[in-house]
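A.B. asks: My structure is stored as my_file.csv, with CSV, C-alpha atoms.
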chain,number,residue,atom,x,y,z
A,89,MET,CA,31.2,-14.9,50.4
A,90,LEU,CA,28.4,-13.2,48.3
A,91,SER,CA,26.7,-15.3,45.6
A,92,ARG,CA,26.8,-14.5,41.9
A,93,ARG,CA,23.1,-13.6,42.1
A,94,THR,CA,23.7,-11.0,44.8
A,95,TRP,CA,26.5,-9.4,42.7
A,96,PHE,CA,24.3,-9.5,39.7
A,97,PHE,CA,21.8,-7.2,41.3
A,98,LEU,CA,24.5,-4.8,42.4
A,99,VAL,CA,25.8,-4.7,38.8
A,100,ILE,CA,22.2,-3.9,37.5
A,101,ALA,CA,21.8,-1.1,40.1
A,102,ILE,CA,25.2,0.4,39.0
A,103,ALA,CA,24.2,0.1,35.3
A,104,MET,CA,20.9,1.9,35.9
A,105,LEU,CA,22.7,4.7,37.8
A,106,LEU,CA,25.3,5.0,35.0
A,107,LEU,CA,22.5,5.3,32.5
A,108,TYR,CA,21.0,8.1,34.5
A,109,ASP,CA,22.8,10.9,32.6
A,110,PRO,CA,22.2,9.7,29.0
A,111,THR,CA,18.5,9.0,29.8
A,112,PRO,CA,16.2,11.9,28.9
A,113,ASP,CA,15.1,13.9,32.0
A,114,LYS,CA,11.5,12.8,31.6
A,115,TYR,CA,12.5,9.2,32.2
A,116,HIS,CA,14.9,9.6,35.1
A,117,TRP,CA,12.4,8.1,37.5
A,118,VAL,CA,12.7,4.8,35.6
A,119,ASN,CA,16.5,4.7,36.3
A,120,LEU,CA,16.0,5.5,40.0
A,121,ALA,CA,13.1,3.1,40.5
A,122,LEU,CA,15.0,0.2,38.8
A,123,ALA,CA,18.3,1.0,40.6
A,124,GLY,CA,16.3,1.2,43.9
A,125,LEU,CA,14.6,-2.2,43.3
A,126,SER,CA,17.9,-3.9,42.4
A,127,LEU,CA,19.6,-2.4,45.5
A,128,PHE,CA,16.7,-3.7,47.6
A,129,TRP,CA,17.4,-7.3,46.3
A,130,PHE,CA,21.1,-6.8,46.6
A,131,VAL,CA,20.7,-5.9,50.3
A,132,LEU,CA,18.3,-8.8,50.9
A,133,PHE,CA,20.5,-11.4,49.3
A,134,THR,CA,23.6,-10.0,51.0
A,135,ILE,CA,21.8,-10.5,54.4
A,136,GLU,CA,20.9,-14.0,53.3
A,137,ASP,CA,24.4,-14.9,52.0
A,138,VAL,CA,26.1,-13.5,55.2
A,139,GLY,CA,23.6,-15.4,57.4
A,140,TYR,CA,24.2,-18.6,55.4
A,141,ALA,CA,28.0,-18.3,55.6
A,142,ARG,CA,27.8,-17.8,59.4
A,143,ARG,CA,25.6,-20.8,59.8
A,144,VAL,CA,28.0,-22.9,57.8
A,145,ARG,CA,31.0,-21.6,59.8
A,146,ARG,CA,29.3,-22.5,63.1
A,147,ARG,CA,28.5,-26.0,61.8
A,148,VAL,CA,32.1,-26.5,60.8
A,149,ARG,CA,33.3,-25.5,64.3
A,150,GLY,CA,30.7,-27.8,65.8
A,151,GLY,CA,28.9,-25.0,67.6
A,152,PRO,CA,25.2,-24.5,68.2
A,153,ARG,CA,23.0,-24.4,65.1
B,25,MET,CA,-1.8,9.5,-3.3
B,26,THR,CA,0.8,8.4,-5.9
B,27,VAL,CA,1.6,4.8,-6.8
B,28,ALA,CA,5.0,5.2,-5.0
B,29,VAL,CA,3.2,6.2,-1.7
B,30,LEU,CA,0.8,3.3,-2.0
B,31,LEU,CA,3.7,0.9,-2.6
B,32,ILE,CA,5.6,2.2,0.4
B,33,ILE,CA,2.5,2.0,2.6
B,34,ALA,CA,2.1,-1.6,1.4
B,35,VAL,CA,5.7,-2.4,2.2
B,36,ALA,CA,5.3,-0.8,5.7
B,37,LEU,CA,2.3,-2.9,6.3
B,38,LEU,CA,4.2,-6.0,5.1
B,39,PHE,CA,6.9,-5.0,7.7
B,40,ASP,CA,4.2,-4.8,10.3
B,41,TYR,CA,2.9,-8.2,9.2
B,42,ILE,CA,6.4,-9.7,9.4
B,43,ASN,CA,6.8,-8.0,12.8
B,44,GLY,CA,3.8,-9.9,14.1
B,45,PHE,CA,5.0,-13.0,12.3
B,46,HIS,CA,8.4,-12.7,13.8
B,47,ASP,CA,7.4,-11.6,17.3
B,48,ALA,CA,4.3,-13.9,17.6
B,49,ALA,CA,6.6,-16.2,19.5
B,50,ASN,CA,7.1,-13.6,22.2
B,51,SER,CA,3.4,-13.4,22.9
B,52,ILE,CA,2.7,-17.1,22.9
B,53,ALA,CA,6.0,-18.9,23.8
B,54,THR,CA,5.4,-19.0,27.5
B,55,VAL,CA,1.7,-19.8,27.2
B,56,VAL,CA,2.5,-22.7,24.8
B,57,SER,CA,5.5,-24.0,26.7
B,58,THR,CA,3.5,-24.2,29.9
B,59,ARG,CA,0.7,-26.0,27.9
B,60,VAL,CA,-2.0,-23.6,29.0
B,61,LEU,CA,-3.1,-23.2,25.3
B,62,THR,CA,-2.4,-25.2,22.2
B,63,PRO,CA,-0.2,-23.4,19.7
B,64,LYS,CA,-3.3,-22.7,17.4
B,65,GLN,CA,-5.4,-21.3,20.3
B,66,ALA,CA,-2.5,-19.2,21.6
B,67,VAL,CA,-1.8,-17.7,18.2
B,68,ALA,CA,-5.5,-16.7,17.8
B,69,TRP,CA,-5.6,-15.3,21.3
B,70,ALA,CA,-2.5,-13.2,20.8
B,71,ALA,CA,-3.6,-12.0,17.3
B,72,PHE,CA,-6.9,-10.8,18.7
B,73,PHE,CA,-5.3,-8.7,21.5
B,74,ASN,CA,-2.6,-7.4,19.1
B,75,PHE,CA,-5.4,-6.0,17.0
B,76,ALA,CA,-7.5,-4.8,20.0
B,77,ALA,CA,-4.5,-2.7,21.3
B,78,PHE,CA,-5.6,0.2,19.1
B,79,ILE,CA,-8.4,0.9,21.6
B,80,PHE,CA,-6.0,1.3,24.6
B,81,PHE,CA,-2.9,3.1,23.4
B,82,GLY,CA,-2.3,6.5,21.9
B,83,THR,CA,0.1,7.3,19.1
B,84,LYS,CA,3.1,8.7,21.0
B,85,VAL,CA,5.5,5.9,19.8
B,86,ALA,CA,4.5,6.6,16.2
B,87,GLU,CA,5.4,10.3,16.7
B,88,THR,CA,8.8,9.3,18.1
B,89,ILE,CA,9.5,7.1,15.0
B,90,SER,CA,8.4,9.8,12.6
B,91,GLN,CA,11.0,12.2,14.3
B,92,VAL,CA,14.1,10.0,14.3
B,93,ALA,CA,15.4,12.1,11.4
B,94,LYS,CA,15.2,15.8,11.0
B,95,PRO,CA,12.2,17.2,8.9
B,96,GLY,CA,12.7,17.0,5.2
B,97,THR,CA,15.2,14.1,5.4
B,98,PHE,CA,13.1,11.3,4.1
B,99,THR,CA,12.0,10.7,0.5
B,100,ASN,CA,10.1,7.8,-0.8
B,101,ALA,CA,13.3,6.1,-1.9
B,102,SER,CA,14.9,6.4,1.5
B,103,ILE,CA,11.9,5.2,3.4
B,104,PHE,CA,11.7,2.3,1.0
B,105,ALA,CA,15.3,1.5,1.6
B,106,ALA,CA,14.8,1.7,5.4
B,107,LEU,CA,11.9,-0.7,5.2
B,108,ILE,CA,13.8,-3.2,3.0
B,109,GLY,CA,16.8,-3.0,5.3
B,110,ALA,CA,14.6,-3.7,8.4
B,111,ILE,CA,12.6,-6.5,6.7
B,112,GLY,CA,15.8,-8.1,5.3
B,113,LEU,CA,17.4,-8.2,8.8
B,114,ASP,CA,14.1,-9.5,10.3
B,115,LEU,CA,14.0,-12.3,7.8
B,116,ILE,CA,17.6,-13.2,8.3
B,117,THR,CA,17.2,-13.4,12.1
B,118,TRP,CA,13.9,-15.2,11.8
B,119,TRP,CA,15.6,-17.8,9.5
B,120,THR,CA,18.5,-18.3,12.0
B,121,GLY,CA,16.0,-18.5,14.9
B,122,LEU,CA,17.3,-15.5,16.8
B,123,PRO,CA,14.8,-13.4,18.7
B,124,THR,CA,16.0,-10.0,17.7
B,125,SER,CA,14.0,-6.8,17.7
B,126,SER,CA,11.9,-5.8,14.7
B,127,SER,CA,11.7,-2.3,16.2
B,128,HIS,CA,15.4,-1.9,16.4
B,129,ALA,CA,15.8,-3.2,12.9
B,130,LEU,CA,13.4,-0.5,11.8
B,131,VAL,CA,15.2,2.2,13.8
B,132,GLY,CA,18.5,1.0,12.3
B,133,GLY,CA,17.1,0.9,8.8
B,134,LEU,CA,15.7,4.5,9.1
B,135,ALA,CA,19.1,5.7,10.3
B,136,GLY,CA,20.9,3.9,7.5
B,137,ALA,CA,18.6,5.3,4.9
B,138,ALA,CA,18.8,8.9,6.4
B,139,VAL,CA,22.6,8.8,6.5
B,140,ALA,CA,22.8,7.4,2.9
B,141,SER,CA,20.5,10.1,1.5
B,142,VAL,CA,21.4,13.2,3.5
B,143,GLY,CA,24.3,12.4,5.8
B,144,TRP,CA,25.0,12.1,9.6
B,145,SER,CA,23.6,15.6,10.2
B,146,SER,CA,20.1,14.4,9.4
B,147,ILE,CA,19.9,12.2,12.4
B,148,ASN,CA,17.8,13.4,15.4
B,149,TYR,CA,20.2,12.3,18.1
B,150,ALA,CA,17.9,13.1,21.0
B,151,GLU,CA,15.4,10.6,19.7
B,152,TYR,CA,18.1,8.0,19.1
B,153,GLN,CA,19.5,8.5,22.5
B,154,LYS,CA,16.1,7.7,24.1
B,155,ILE,CA,15.7,4.6,22.0
B,156,ILE,CA,19.3,3.3,22.6
B,157,VAL,CA,19.1,3.9,26.4
B,158,PHE,CA,15.8,1.9,26.5
B,159,ILE,CA,17.5,-0.9,24.6
B,160,VAL,CA,19.2,-1.6,28.0
B,161,ILE,CA,16.4,-0.3,30.3
B,162,ALA,CA,13.5,-2.3,28.8
B,163,PRO,CA,14.9,-5.8,29.4
B,164,VAL,CA,16.2,-4.8,32.8
B,165,MET,CA,12.7,-3.5,33.7
B,166,GLY,CA,11.2,-6.8,32.5
B,167,PHE,CA,13.9,-8.8,34.5
B,168,LEU,CA,13.4,-6.9,37.8
B,169,LEU,CA,9.6,-6.8,37.7
B,170,ALA,CA,9.4,-10.5,36.8
B,171,PHE,CA,11.9,-11.4,39.5
B,172,THR,CA,10.0,-9.4,42.1
B,173,PHE,CA,6.7,-10.8,41.0
B,174,MET,CA,8.0,-14.3,41.2
B,175,ALA,CA,9.6,-13.7,44.6
B,176,ILE,CA,6.3,-12.3,46.0
B,177,VAL,CA,4.3,-15.3,44.6
B,178,LEU,CA,6.9,-17.8,46.0
B,179,TRP,CA,6.9,-16.0,49.4
B,180,LEU,CA,3.1,-16.0,49.5
B,181,PHE,CA,2.5,-19.6,48.5
B,182,HIS,CA,5.6,-21.5,49.7
B,183,ARG,CA,3.6,-23.2,52.5
B,184,TYR,CA,0.7,-24.0,50.3
B,185,ARG,CA,0.5,-27.8,49.7
B,186,LYS,CA,-2.2,-28.1,47.0
B,187,VAL,CA,0.2,-27.6,44.1
B,188,ASP,CA,-2.2,-28.8,41.4
B,189,LYS,CA,-4.9,-26.4,42.5
B,190,LEU,CA,-2.3,-23.6,42.5
B,191,ASN,CA,-1.0,-24.5,39.1
B,192,ARG,CA,-4.6,-24.5,37.7
B,193,GLY,CA,-5.1,-21.0,39.1
B,194,PHE,CA,-1.8,-19.8,37.5
B,195,ARG,CA,-2.8,-21.4,34.2
B,196,ARG,CA,-6.0,-19.4,34.2
B,197,GLY,CA,-4.0,-16.3,35.2
B,198,GLN,CA,-1.7,-16.9,32.2
B,199,LEU,CA,-4.5,-16.4,29.8
B,200,PHE,CA,-4.9,-12.8,31.1
B,201,SER,CA,-1.2,-12.2,31.3
B,202,ALA,CA,-0.8,-13.4,27.7
B,203,ALA,CA,-3.6,-11.1,26.6
B,204,ALA,CA,-2.0,-8.2,28.5
B,205,PHE,CA,1.4,-8.9,26.8
B,206,SER,CA,-0.2,-9.1,23.4
B,207,LEU,CA,-1.9,-5.8,24.0
B,208,GLY,CA,1.4,-4.2,24.9
B,209,HIS,CA,3.1,-5.8,21.9
B,210,GLY,CA,0.3,-4.6,19.5
B,211,GLY,CA,0.4,-1.2,21.2
B,212,ASN,CA,4.1,-0.6,20.9
B,213,ASP,CA,5.0,-2.4,17.7
B,214,ALA,CA,2.0,-1.4,15.5
B,215,GLN,CA,2.8,2.2,16.3
B,216,LYS,CA,6.3,1.8,14.7
B,217,THR,CA,4.6,1.1,11.3
B,218,MET,CA,2.2,4.0,11.9
B,219,GLY,CA,5.3,6.1,12.4
B,220,VAL,CA,6.7,5.0,9.0
B,221,ILE,CA,3.4,5.6,7.2
B,222,LEU,CA,3.1,9.0,8.9
B,223,THR,CA,6.6,9.8,7.7
B,224,VAL,CA,5.7,8.9,4.1
B,225,LEU,CA,2.5,10.9,4.2
B,226,ILE,CA,4.4,13.9,5.6
B,227,ALA,CA,7.3,13.5,3.1
B,228,ASN,CA,4.8,13.6,0.2
B,229,GLY,CA,2.9,16.6,1.6
B,230,ILE,CA,-0.3,14.6,2.2
B,231,LEU,CA,-0.1,15.5,5.9
B,232,SER,CA,1.5,18.5,7.7
B,233,GLN,CA,4.6,18.1,9.9
B,234,ASN,CA,2.7,17.9,13.2
B,235,ALA,CA,-0.5,16.2,12.0
B,236,PRO,CA,-2.0,13.4,14.2
B,237,VAL,CA,-2.0,9.8,12.9
B,238,PRO,CA,-5.1,9.3,10.8
B,239,LEU,CA,-7.5,6.6,12.0
B,240,TRP,CA,-7.1,4.4,8.9
B,241,VAL,CA,-3.4,4.2,9.5
B,242,VAL,CA,-4.0,3.2,13.1
B,243,PHE,CA,-6.5,0.6,12.1
B,244,SER,CA,-4.5,-0.9,9.2
B,245,ALA,CA,-1.3,-1.1,11.3
B,246,HIS,CA,-3.1,-3.1,14.0
B,247,LEU,CA,-4.8,-5.3,11.5
B,248,ALA,CA,-1.4,-6.1,9.8
B,249,ILE,CA,0.3,-7.0,13.1
B,250,GLY,CA,-2.6,-9.1,14.2
B,251,LEU,CA,-2.6,-11.0,10.9
B,252,GLY,CA,1.2,-11.5,11.2
B,253,THR,CA,0.8,-13.0,14.7
B,254,LEU,CA,-2.0,-15.2,13.4
B,255,PHE,CA,0.5,-16.8,11.0
B,256,GLY,CA,3.3,-16.6,13.6
B,257,GLY,CA,6.9,-17.7,13.6
B,258,TRP,CA,7.5,-21.1,15.1
B,259,ARG,CA,11.3,-21.1,14.9
B,260,ILE,CA,11.6,-18.5,17.7
B,261,VAL,CA,8.9,-20.1,19.9
B,262,HIS,CA,11.4,-22.8,20.8
B,263,THR,CA,14.2,-20.4,21.8
B,264,MET,CA,12.0,-18.1,23.8
B,265,GLY,CA,9.8,-20.8,25.5
B,266,SER,CA,12.2,-23.4,26.6
B,267,LYS,CA,15.8,-22.7,25.7
B,268,ILE,CA,16.5,-19.7,28.0
B,269,THR,CA,15.0,-21.3,31.1
B,270,LYS,CA,12.3,-23.9,31.8
B,271,LEU,CA,8.9,-22.3,32.7
B,272,GLN,CA,6.0,-23.3,35.0
B,273,PRO,CA,2.6,-21.7,34.7
B,274,VAL,CA,3.5,-19.3,37.5
B,275,GLY,CA,6.7,-18.3,35.7
B,276,GLY,CA,4.9,-17.8,32.5
B,277,MET,CA,2.4,-15.6,34.2
B,278,ALA,CA,5.0,-13.6,36.0
B,279,SER,CA,7.1,-13.0,32.9
B,280,GLU,CA,4.2,-12.0,30.7
B,281,THR,CA,2.7,-9.7,33.3
B,282,SER,CA,6.0,-8.0,34.0
B,283,ALA,CA,6.7,-7.6,30.3
B,284,ALA,CA,3.2,-6.3,29.7
B,285,ILE,CA,3.7,-3.6,32.5
B,286,SER,CA,7.1,-2.6,31.0
B,287,LEU,CA,5.7,-2.4,27.5
B,288,GLY,CA,2.6,-0.4,28.7
B,289,LEU,CA,4.8,2.1,30.5
B,290,ALA,CA,7.1,2.5,27.5
B,291,THR,CA,4.1,2.9,25.1
B,292,PHE,CA,2.5,5.6,27.2
B,293,GLY,CA,5.8,7.3,27.5
B,294,GLY,CA,6.2,7.3,23.7
B,295,VAL,CA,9.4,5.1,23.7
B,296,PRO,CA,9.7,2.4,21.0
B,297,VAL,CA,11.0,-0.6,22.9
B,298,SER,CA,11.6,-4.1,21.8
B,299,THR,CA,9.0,-6.6,22.9
B,300,THR,CA,11.6,-9.3,22.3
B,301,HIS,CA,14.1,-7.7,24.7
B,302,THR,CA,11.4,-7.1,27.3
B,303,ILE,CA,10.0,-10.6,27.4
B,304,SER,CA,13.5,-12.2,27.3
B,305,GLY,CA,14.5,-10.1,30.3
B,306,ALA,CA,11.4,-11.1,32.1
B,307,ILE,CA,12.0,-14.8,31.4
B,308,VAL,CA,15.6,-14.5,32.7
B,309,GLY,CA,14.1,-12.8,35.8
B,310,VAL,CA,11.8,-15.7,36.4
B,311,GLY,CA,14.7,-18.2,36.0
B,312,THR,CA,16.9,-16.2,38.4
B,313,THR,CA,14.5,-16.8,41.2
B,314,GLN,CA,15.6,-20.4,41.2
B,315,ARG,CA,19.3,-19.7,40.9
B,316,LEU,CA,21.4,-17.8,38.4
B,317,SER,CA,22.6,-21.1,36.9
B,318,ALA,CA,18.9,-22.0,36.0
B,319,VAL,CA,19.3,-19.5,33.2
B,320,ARG,CA,21.1,-20.9,30.1
B,321,TRP,CA,23.5,-18.0,29.8
B,322,GLY,CA,25.0,-19.4,26.6
B,323,VAL,CA,21.6,-19.0,24.8
B,324,ALA,CA,20.9,-15.7,26.6
B,325,SER,CA,24.3,-14.3,25.4
B,326,ARG,CA,23.6,-15.4,21.8
B,327,VAL,CA,20.4,-13.5,22.1
B,328,MET,CA,22.2,-10.5,23.5
B,329,TRP,CA,24.7,-10.5,20.6
B,330,ALA,CA,21.8,-10.5,18.2
B,331,TRP,CA,20.4,-7.5,20.0
B,332,VAL,CA,23.7,-5.6,19.8
B,333,LEU,CA,24.1,-6.3,16.1
B,334,THR,CA,20.5,-5.5,15.1
B,335,ILE,CA,20.7,-1.7,14.6
B,336,PRO,CA,24.1,-1.8,12.8
B,337,GLY,CA,23.0,-4.7,10.7
B,338,ALA,CA,19.8,-3.0,9.6
B,339,PHE,CA,21.7,0.3,9.2
B,340,ILE,CA,24.1,-1.3,6.7
B,341,LEU,CA,21.4,-3.1,4.8
B,342,ALA,CA,19.3,0.0,4.4
B,343,TYR,CA,22.4,2.0,3.4
B,344,VAL,CA,23.3,-0.5,0.7
B,345,VAL,CA,19.7,-0.8,-0.6
B,346,TYR,CA,19.5,3.0,-0.9
B,347,ILE,CA,22.6,3.4,-3.2
B,348,PRO,CA,20.9,2.1,-6.4
B,349,LEU,CA,17.7,4.1,-5.5
B,350,LYS,CA,19.6,7.3,-5.1
B,351,GLY,CA,18.4,8.9,-8.3
B,352,LEU,CA,14.7,8.4,-7.3
B,353,THR,CA,12.8,10.8,-5.1
Could you write out this file's structure as structure tokens?
C.D. replies:
Amino acid sequence: MLSRRTWFFLVIAIAMLLLYDPTPDKYHWVNLALAGLSLFWFVLFTIEDVGYARRVRRRVRGGPR
Amino acid sequence: MTVAVLLIIAVALLFDYINGFHDAANSIATVVSTRVLTPKQAVAWAAFFNFAAFIFFGTKVAETISQVAKPGTFTNASIFAALIGAIGLDLITWWTGLPTSSSHALVGGLAGAAVASVGWSSINYAEYQKIIVFIVIAPVMGFLLAFTFMAIVLWLFHRYRKVDKLNRGFRRGQLFSAAAFSLGHGGNDAQKTMGVILTVLIANGILSQNAPVPLWVVFSAHLAIGLGTLFGGWRIVHTMGSKITKLQPVGGMASETSAAISLGLATFGGVPVSTTHTISGAIVGVGTTQRLSAVRWGVASRVMWAWVLTIPGAFILAYVVYIPLKGLT
């Protein structure tokens, strides 16, 4: 149901969090900021994808748009 | 200063020149592909801001480069081998049209020469860890910032009907974003050469271990990279500007601004990052706002492989070059 783009942002967020440990302490904020930003886009695109899937389902059933 | 020191400084400045030559495309590809400037104008514009970067940035990246190996590791012969390894790899990738990182070629070359001369114990792993982690973080930062920038612009102007007027505005904006990116490029990349020259001066006892970078080193490194950009590398312009994704003026501006912010942050933090990685990530970010399939992933993955192989490639070249020089100091 979720698009490739949506998954892509989740993968980036996970990658940034996985890199948290090897990143020197001084730069941890970079990992967190980038993971936060990708999660933000992941949530936004998830909402969009779910909404789109619902609209399509309704249209297929012939219900109200 | 001995002849050997002068020769190595000349080779380091040649590396800087080639760095500008090799990476010129990164600074001007988007501004040329969106036809905001002609190639000649773009090159002059980028070269000027590459040079002017010395006014804005400190020398933290240079200090990081000079600390990639433990004190006392480098000799004139090993620094020479590192530079030849990095230049060799740069020229090979330039010839094949791959936008690899001159910075990582240098870091790989320094590691190869250090291991060949002293062994694995000479490597300062903490510095390498920082550099390697940012190989991943820098393009991701460019990607996310460019994507967010583009999304905000699209959201703000999606109802705006005067597209021509809007494009004119973004074209003008691209002049500033290209300048900002060239500043970031000059700031981060020229400092890598400063780091090498600093290492040579320390290795020969001309400077003490924690000495600041002399002004003539700062000035000559920026001059060399500016001149390199002026005679820029056209093979890579094509890959960067049009092969990864097609760019409009707004996309060019978004990618350059985001890459400039990423490079500026890294430079102030003392992290040597790749300008090539950062702008490539930003261009992919702009392409992704259309849809993921707008990005030509085949080209992007070819670029990624080149990135992965840069450090080991330069490492091996520098290692091999050092072997016949072993007897020299």
A.B. asks: Give me the segment 137-234 of chain B side of the contact with segment 112-128 of chain A, cut-off 10 Å, one line per residue showing its nearest atom pair and distance in Å at one decimal, counting all atoms listed in the file, sorted by chain and residue number, as JSON lines.
C.D. replies:
{"residue": "B:Ala150", "atom": "CA", "partner": "A:Pro112", "partner_atom": "CA", "distance": 8.2}
{"residue": "B:Glu151", "atom": "CA", "partner": "A:Pro112", "partner_atom": "CA", "distance": 9.3}
{"residue": "B:Gln153", "atom": "CA", "partner": "A:Pro112", "partner_atom": "CA", "distance": 8.0}
{"residue": "B:Lys154", "atom": "CA", "partner": "A:Pro112", "partner_atom": "CA", "distance": 6.4}
{"residue": "B:Val157", "atom": "CA", "partner": "A:Pro112", "partner_atom": "CA", "distance": 8.9}
{"residue": "B:Phe158", "atom": "CA", "partner": "A:Tyr115", "partner_atom": "CA", "distance": 9.8}
{"residue": "B:Ile161", "atom": "CA", "partner": "A:Asn119", "partner_atom": "CA", "distance": 7.8}
{"residue": "B:Ala162", "atom": "CA", "partner": "A:Val118", "partner_atom": "CA", "distance": 9.9}
{"residue": "B:Val164", "atom": "CA", "partner": "A:Leu122", "partner_atom": "CA", "distance": 7.9}
{"residue": "B:Met165", "atom": "CA", "partner": "A:Leu122", "partner_atom": "CA", "distance": 6.7}
{"residue": "B:Leu168", "atom": "CA", "partner": "A:Ser126", "partner_atom": "CA", "distance": 7.1}
{"residue": "B:Leu169", "atom": "CA", "partner": "A:Leu125", "partner_atom": "CA", "distance": 8.8}
{"residue": "B:Thr172", "atom": "CA", "partner": "A:Leu125", "partner_atom": "CA", "distance": 8.6}
A.B. asks: Interatomic distance between atom CA of Ala66 of chain B and atom CA of Gln198 of chain B?
C.D. replies: 10.9 Å
A.B. asks: Interatomic distance between atom CA of Phe255 of chain B and atom CA of Phe45 of chain B?
C.D. replies: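 Atom CA of Phe45 of chain B lies 6.0 Å from atom CA of Phe255 of chain B.
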A.B. asks: At what distance in Å, to one decimal, does atom CA of Leu122 of chain B lie from atom CA of Thr291 of chain B?
C.D. replies: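 Between atom CA of Thr291 of chain B and atom CA of Leu122 of chain B the gap works out to 24.1 Å.
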A.B. asks: Using all atoms listed in the file, which residues sit within 8 Å of Leu225 of chain B once same-chain residues fewer than 5 positions away are excluded, as number ranges by chain?
C.D. replies: B: 29, 230-231
A.B. asks: Kindly indicate which residue among A:Arg149, A:Pro110, A:Val131, A:Leu105 lies nearest to Arg93 of chain A, using only C-alpha atoms for the distances.
C.D. replies: A:Val131
A.B. asks: Looking at B:Ser304, B:Pro273, B:Ile159, B:Thr253, which one is nearest to Gln65 of chain B, with distances taken over only C-alpha atoms?
C.D. replies: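 For Gln65 of chain B, the nearest of the given residues is B:Thr253.
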A.B. asks: Could you give me, as a list in words, the residues that have an atom at most 7 Å away from the point (22.4, -4.2, 23.5) in the coordinates of the file, using all atoms listed in the file?
C.D. replies: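 Residues with an atom at most 7 Å from (22.4, -4.2, 23.5): Ile159, Val160, Met328, Trp331 and Val332 of chain B.
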A.B. asks: Have a look at B:Gly276, B:Gly197, B:Pro348, B:Gly166 and name the one nearest to chain A; count only C-alpha atoms.
C.D. replies: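 Closest candidate: B:Gly166.
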A.B. asks: Do a neighbour search on segment 134-146 of chain B at 7 Å with all atoms listed in the file, toss out local chain neighbours closer than 3 positions, and write the hits as an MDAnalysis selection string.
C.D. replies: chainID B and resid 93:94 97:98 102:103 105:106 130:131 339:340 342:343 346
A.B. asks: From the options A:Phe96, A:Ala141, A:Thr134, A:Arg147, which residue's atoms come nearest to chain B, counting all atoms listed in the file?
C.D. replies: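 Under the stated criterion, the closest residue is A:Phe96.
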A.B. asks: Between A:Leu107, A:Met89, A:Phe133, A:Ala101, single out the one closest to Arg145 of chain A, counting all atoms listed in the file.
C.D. replies: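 Nearest to Arg145 of chain A: A:Met89.
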A.B. asks: Looking at B:Lys186, B:His209, B:Arg192, B:Lys84, which one is nearest to Thr300 of chain B, with distances taken over only C-alpha atoms?
C.D. replies: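 Using only C-alpha atoms, the shortest distance to Thr300 of chain B belongs to B:His209.
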A.B. asks: Near segment 236-251 of chain B, within 8 Å and counting all atoms listed in the file, which residues show up once chain neighbours fewer than 6 positions away are dropped, as a list in words?
C.D. replies: Leu37, Leu38, Asp40, Tyr41, Ile42, Asn43, Gly44, Phe45, Ala70, Ala71, Phe72, Phe73, Asn74, Phe75, Ala76, Ala77, Phe78, Thr83, Ala86, Gly210, Ala214, Gln215, Thr217, Met218, Ile221 and Leu222 of chain B
A.B. asks: Could you write out the selected residues, including C-alpha atoms, as a CSV table (one decimal), in the frame of the given file?
C.D. replies:
chain,number,residue,atom,x,y,z
B,37,LEU,CA,2.3,-2.9,6.3
B,38,LEU,CA,4.2,-6.0,5.1
B,40,ASP,CA,4.2,-4.8,10.3
B,41,TYR,CA,2.9,-8.2,9.2
B,42,ILE,CA,6.4,-9.7,9.4
B,43,ASN,CA,6.8,-8.0,12.8
B,44,GLY,CA,3.8,-9.9,14.1
B,45,PHE,CA,5.0,-13.0,12.3
B,70,ALA,CA,-2.5,-13.2,20.8
B,71,ALA,CA,-3.6,-12.0,17.3
B,72,PHE,CA,-6.9,-10.8,18.7
B,73,PHE,CA,-5.3,-8.7,21.5
B,74,ASN,CA,-2.6,-7.4,19.1
B,75,PHE,CA,-5.4,-6.0,17.0
B,76,ALA,CA,-7.5,-4.8,20.0
B,77,ALA,CA,-4.5,-2.7,21.3
B,78,PHE,CA,-5.6,0.2,19.1
B,83,THR,CA,0.1,7.3,19.1
B,86,ALA,CA,4.5,6.6,16.2
B,210,GLY,CA,0.3,-4.6,19.5
B,214,ALA,CA,2.0,-1.4,15.5
B,215,GLN,CA,2.8,2.2,16.3
B,217,THR,CA,4.6,1.1,11.3
B,218,MET,CA,2.2,4.0,11.9
B,221,ILE,CA,3.4,5.6,7.2
B,222,LEU,CA,3.1,9.0,8.9
A.B. asks: Find the residues near Leu90 of chain A: any atom within 12 Å, counting only C-alpha atoms, skip ones fewer than 4 places away on the same chain, and give them as a ChimeraX atom specification.
C.D. replies: /A:94-98,130-141
A.B. asks: Could you pull the residues within 9 Å of Val35 of chain B, counting only C-alpha atoms, minus those fewer than 5 positions along the same chain, as a VMD selection string?
C.D. replies: chain B and resid 30 40 104 107 to 108
A.B. asks: Would you output segment 131-145 of chain A from that structure, restricted to C-alpha atoms, as a compact mmCIF listing (two decimals), in the first residue's frame?
C.D. replies:
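Final output, out38.txt:
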# COMPACT_ATOMS: atom_id res chain seq x y z
CA VAL A 131 4.69 9.97 8.21
CA LEU A 132 3.45 12.60 5.74
CA PHE A 133 3.74 10.27 2.74
CA THR A 134 2.18 7.41 4.71
CA ILE A 135 -0.88 9.59 5.40
CA GLU A 136 -1.00 10.56 1.72
CA ASP A 137 -0.61 6.96 0.51
CA VAL A 138 -3.26 5.62 2.91
CA GLY A 139 -5.68 8.40 1.95
CA TYR A 140 -5.08 7.72 -1.74
CA ALA A 141 -5.63 3.97 -1.30
CA ARG A 142 -8.91 4.64 0.53
CA ARG A 143 -10.13 6.96 -2.22
CA VAL A 144 -9.33 4.37 -4.86
CA ARG A 145 -11.14 1.65 -2.90
